[in-house]
Amino acid sequence: MPFALYMLALAIFVMGTSEFMLAGLLPAIATDLDIPVGTAGLLTSAFAVGMVIGAPLMAALARRWPPRLTLLVCLLTFATCHVVGALTPHFSLLVLTRVLSALANAGFLAVALGAAAALVPKHRTGRAVSILLSGTTIATVAGVPAGALLGAALGWRATFWAVAILCAPAAVGVARGIANRPPQPTAASISPSLRAELALLSTPRLLLPMALGALINGATFAVFTFLAPLVTETAQLSEIWVPVTLVMFGIGSFIGVVTAGRFSDQHPRAVLAIGGPLLVIGWVAMASMATLPVVLVSLVLAQGALSFAVGSTVIARVLSAAAQAPTMGGAYATAALNIGAATGPILGGAALAAGTGALGPVWIAIALTGSALVISLLWTRGRFDL
């Protein structure tokens, strides 16, 4: 695989660390800025909203820019936002930096998905996507715990500085490895207009995998966001087991994307046909046996692997279905991921507020994944080519 692909993954790792690290920093931020913890939680919401709207917006605005220029502008913006965030004493400005960071993150990921596919032959697109997304999974394994430790030792602002500094080697790799030219038109489609690329959103072949990606990712984040109550309340484990369980999820997700990368190009139907039902069964097992600590931790590992194996395969199918949208295809894949990432926690939180207990988000995951499985069965038995 090209070295530039791993540099793109490094940037995704840095951005993923920034996205998830706030979970362990909100109390410190609230204390430092003299605001309630609930108010500090708006930083997470601001980032999620920015990610959802940022992918198509940034891809549309920069669709005629050279890929290298777009990626570097997004990286520079992302790094600058974290420098400002590390320096500001004002919560409102910190919120603004999170929104702008998310826009840059979404724009980078949208272009990076297309650039990753362009770096390899078509039959290796799934492998390239899995390597790119492994940056996010490694962030949950190493980046987020490291950020929490750094924040505890040197203060939350140190984590913002660390994220900004790590953007530098990623920028060097992008500058050296990504072509500085706009996407080239294909024989079948010469310079498609933005309207033509947007028109693909009305086709079932693209909408179906996007819906699957949103549902699978929504289920994943519904549980991941509220994993702590499962560990401490349902399984009756001490709080020290919360980061351990999060790391287990991250390890599983890394295994999932690496494994899927080896099979999803040649056997996407098999990955979905086997992984989808196993994913539903796993969530049902978690809802039934979460009171058993060993079983819970084991299922977190397994579900992390299955969620990302199925999810990365679906995202590769989104890119394939959006082949006639060379500048917007990555934005469609990114939007699908982040609609799920934004919706899942909202539904999980609503389930908790409704008095369902710590298992409420798991039942949300069952419903979302079950819906995805039904759609997948109809899709693979229908008239749409995977």
# chains A, B, ... in the order shown; residues from 1 in each chain; ligands from 1
>>> residues_around(residues="Pro293 of chain A", least_positions_apart="3", cutoff="8 Å", atoms="only C-alpha atoms", output="PyMOL selection string")
chain A and resi 231+235-237+290+296-297
>>> write_last_selection(atoms="N, CA and C atoms", output="PDB file, in the first residue's frame")
ATOM      1  N   VAL A 231     -20.933  -0.677  32.282  1.00  0.00           N
ATOM      2  CA  VAL A 231     -19.830  -1.272  33.037  1.00  0.00           C
ATOM      3  C   VAL A 231     -20.043  -1.116  34.534  1.00  0.00           C
ATOM      4  N   ALA A 235     -22.969  -4.254  35.016  1.00  0.00           N
ATOM      5  CA  ALA A 235     -22.003  -5.300  35.344  1.00  0.00           C
ATOM      6  C   ALA A 235     -21.420  -5.145  36.742  1.00  0.00           C
ATOM      7  N   GLN A 236     -21.712  -4.008  37.398  1.00  0.00           N
ATOM      8  CA  GLN A 236     -21.257  -3.760  38.769  1.00  0.00           C
ATOM      9  C   GLN A 236     -19.726  -3.787  38.901  1.00  0.00           C
ATOM     10  N   LEU A 237     -19.045  -3.287  37.881  1.00  0.00           N
ATOM     11  CA  LEU A 237     -17.594  -3.186  37.930  1.00  0.00           C
ATOM     12  C   LEU A 237     -17.198  -1.796  38.409  1.00  0.00           C
ATOM     13  N   ALA A 290     -25.385  -8.720  30.075  1.00  0.00           N
ATOM     14  CA  ALA A 290     -24.480  -7.640  30.476  1.00  0.00           C
ATOM     15  C   ALA A 290     -24.181  -7.648  31.969  1.00  0.00           C
ATOM     16  N   LEU A 296     -19.646  -9.389  29.299  1.00  0.00           N
ATOM     17  CA  LEU A 296     -19.786  -8.032  28.790  1.00  0.00           C
ATOM     18  C   LEU A 296     -18.515  -7.564  28.093  1.00  0.00           C
ATOM     19  N   VAL A 297     -17.382  -7.722  28.759  1.00  0.00           N
ATOM     20  CA  VAL A 297     -16.113  -7.267  28.174  1.00  0.00           C
ATOM     21  C   VAL A 297     -15.814  -8.035  26.888  1.00  0.00           C
TER      22      VAL A 297
END
>>> residues_around(residues="Leu337 of chain A", least_positions_apart="6", cutoff="7 Å", atoms="only C-alpha atoms", output="list in words")
Gly213, Ala214 and Asn217 of chain A
>>> atom_distance(atom1="atom CA of Thr137 of chain A", atom2="atom CA of Tyr6 of chain A")
13.7 Å
>>> select_by_dssp(residues="segment 164-318 of chain A", states="helix (DSSP H, G or I)", output="PyMOL selection string")
chain A and resi 164-177+194-202+204-225+227-234+241-263+268-289+293-318
>>> residues_around(residues="Val49 of chain A", least_positions_apart="4", cutoff="10 Å", atoms="only C-alpha atoms", output="ChimeraX atom specification")
/A:44-45,53-54,98-99,102-103,338-339,341-342
>>> decode(residues="segment 249-359 of chain A", atoms="C-alpha atoms", output="JSON list (two decimals), in the first residue's frame")
[["chain", "number", "residue", "atom", "x", "y", "z"],
["A", 249, "PHE", "CA", -13.80, -1.88, 22.00],
["A", 250, "GLY", "CA", -11.01, -0.06, 20.18],
["A", 251, "ILE", "CA", -8.97, -3.25, 19.78],
["A", 252, "GLY", "CA", -12.02, -5.02, 18.40],
["A", 253, "SER", "CA", -12.76, -2.22, 15.95],
["A", 254, "PHE", "CA", -9.16, -2.31, 14.68],
["A", 255, "ILE", "CA", -9.38, -6.07, 14.17],
["A", 256, "GLY", "CA", -12.66, -5.55, 12.34],
["A", 257, "VAL", "CA", -11.44, -3.01, 9.79],
["A", 258, "VAL", "CA", -8.21, -4.95, 9.13],
["A", 259, "THR", "CA", -10.09, -8.21, 8.62],
["A", 260, "ALA", "CA", -12.80, -6.63, 6.47],
["A", 261, "GLY", "CA", -10.13, -4.97, 4.35],
["A", 262, "ARG", "CA", -8.93, -8.41, 3.24],
["A", 263, "PHE", "CA", -12.36, -9.72, 2.25],
["A", 264, "SER", "CA", -14.71, -6.85, 1.46],
["A", 265, "ASP", "CA", -13.39, -6.20, -2.06],
["A", 266, "GLN", "CA", -13.88, -9.74, -3.34],
["A", 267, "HIS", "CA", -16.68, -10.93, -1.04],
["A", 268, "PRO", "CA", -18.78, -7.95, 0.13],
["A", 269, "ARG", "CA", -21.98, -10.02, 0.13],
["A", 270, "ALA", "CA", -20.39, -12.64, 2.37],
["A", 271, "VAL", "CA", -19.16, -10.03, 4.86],
["A", 272, "LEU", "CA", -22.63, -8.51, 5.09],
["A", 273, "ALA", "CA", -24.47, -11.84, 5.06],
["A", 274, "ILE", "CA", -22.36, -13.25, 7.89],
["A", 275, "GLY", "CA", -21.41, -10.12, 9.81],
["A", 276, "GLY", "CA", -24.88, -8.54, 9.85],
["A", 277, "PRO", "CA", -26.73, -11.37, 11.63],
["A", 278, "LEU", "CA", -23.79, -11.90, 14.01],
["A", 279, "LEU", "CA", -23.92, -8.20, 14.89],
["A", 280, "VAL", "CA", -27.61, -8.40, 15.80],
["A", 281, "ILE", "CA", -27.04, -11.59, 17.80],
["A", 282, "GLY", "CA", -24.18, -9.89, 19.65],
["A", 283, "TRP", "CA", -26.30, -6.91, 20.69],
["A", 284, "VAL", "CA", -29.07, -9.23, 21.86],
["A", 285, "ALA", "CA", -26.52, -11.25, 23.84],
["A", 286, "MET", "CA", -25.22, -8.04, 25.43],
["A", 287, "ALA", "CA", -28.72, -6.98, 26.44],
["A", 288, "SER", "CA", -29.30, -10.43, 27.96],
["A", 289, "MET", "CA", -25.97, -11.06, 29.68],
["A", 290, "ALA", "CA", -24.48, -7.64, 30.48],
["A", 291, "THR", "CA", -24.71, -8.44, 34.19],
["A", 292, "LEU", "CA", -21.85, -10.94, 33.72],
["A", 293, "PRO", "CA", -18.61, -8.90, 33.65],
["A", 294, "VAL", "CA", -16.51, -11.38, 31.66],
["A", 295, "VAL", "CA", -19.27, -11.80, 29.08],
["A", 296, "LEU", "CA", -19.79, -8.03, 28.79],
["A", 297, "VAL", "CA", -16.11, -7.27, 28.17],
["A", 298, "SER", "CA", -15.86, -10.13, 25.67],
["A", 299, "LEU", "CA", -18.94, -8.93, 23.81],
["A", 300, "VAL", "CA", -17.59, -5.36, 23.69],
["A", 301, "LEU", "CA", -14.50, -6.71, 21.92],
["A", 302, "ALA", "CA", -16.57, -8.83, 19.53],
["A", 303, "GLN", "CA", -19.09, -6.10, 18.75],
["A", 304, "GLY", "CA", -16.34, -3.59, 18.08],
["A", 305, "ALA", "CA", -14.87, -5.99, 15.52],
["A", 306, "LEU", "CA", -18.20, -6.82, 13.88],
["A", 307, "SER", "CA", -19.43, -3.20, 13.82],
["A", 308, "PHE", "CA", -16.37, -1.89, 12.04],
["A", 309, "ALA", "CA", -16.01, -4.90, 9.74],
["A", 310, "VAL", "CA", -19.58, -4.52, 8.49],
["A", 311, "GLY", "CA", -19.44, -0.71, 8.59],
["A", 312, "SER", "CA", -16.22, -0.36, 6.59],
["A", 313, "THR", "CA", -17.52, -2.82, 4.00],
["A", 314, "VAL", "CA", -20.69, -0.78, 3.58],
["A", 315, "ILE", "CA", -18.70, 2.45, 3.25],
["A", 316, "ALA", "CA", -16.57, 0.86, 0.51],
["A", 317, "ARG", "CA", -19.86, 0.05, -1.27],
["A", 318, "VAL", "CA", -20.94, 3.69, -0.91],
["A", 319, "LEU", "CA", -17.76, 4.79, -2.68],
["A", 320, "SER", "CA", -18.32, 2.20, -5.39],
["A", 321, "ALA", "CA", -21.93, 3.31, -5.89],
["A", 322, "ALA", "CA", -20.77, 6.94, -6.06],
["A", 323, "ALA", "CA", -18.12, 6.29, -8.73],
["A", 324, "GLN", "CA", -19.84, 8.81, -11.01],
["A", 325, "ALA", "CA", -19.50, 11.47, -8.31],
["A", 326, "PRO", "CA", -15.68, 11.75, -8.05],
["A", 327, "THR", "CA", -15.71, 14.89, -5.89],
["A", 328, "MET", "CA", -18.80, 14.18, -3.76],
["A", 329, "GLY", "CA", -18.53, 10.42, -3.25],
["A", 330, "GLY", "CA", -16.31, 10.73, -0.20],
["A", 331, "ALA", "CA", -18.70, 13.33, 1.23],
["A", 332, "TYR", "CA", -21.61, 10.92, 0.87],
["A", 333, "ALA", "CA", -19.69, 8.22, 2.73],
["A", 334, "THR", "CA", -18.65, 10.68, 5.44],
["A", 335, "ALA", "CA", -22.19, 12.00, 5.83],
["A", 336, "ALA", "CA", -23.55, 8.46, 6.24],
["A", 337, "LEU", "CA", -21.02, 7.72, 8.98],
["A", 338, "ASN", "CA", -21.68, 10.92, 10.88],
["A", 339, "ILE", "CA", -25.46, 10.88, 10.61],
["A", 340, "GLY", "CA", -25.18, 7.60, 12.49],
["A", 341, "ALA", "CA", -22.59, 8.99, 14.90],
["A", 342, "ALA", "CA", -24.85, 11.94, 15.71],
["A", 343, "THR", "CA", -28.18, 10.09, 15.79],
["A", 344, "GLY", "CA", -27.10, 7.02, 17.79],
["A", 345, "PRO", "CA", -26.13, 8.91, 20.96],
["A", 346, "ILE", "CA", -29.30, 11.02, 20.75],
["A", 347, "LEU", "CA", -31.48, 7.90, 20.61],
["A", 348, "GLY", "CA", -29.40, 6.21, 23.31],
["A", 349, "GLY", "CA", -29.70, 9.24, 25.55],
["A", 350, "ALA", "CA", -33.45, 9.38, 24.94],
["A", 351, "ALA", "CA", -33.71, 5.73, 25.96],
["A", 352, "LEU", "CA", -31.86, 6.46, 29.19],
["A", 353, "ALA", "CA", -34.07, 9.47, 29.88],
["A", 354, "ALA", "CA", -37.15, 7.31, 29.33],
["A", 355, "GLY", "CA", -36.14, 5.18, 32.30],
["A", 356, "THR", "CA", -35.05, 2.06, 30.42],
["A", 357, "GLY", "CA", -31.88, 1.78, 32.51],
["A", 358, "ALA", "CA", -28.32, 1.34, 31.31],
["A", 359, "LEU", "CA", -29.43, -1.30, 28.80]]
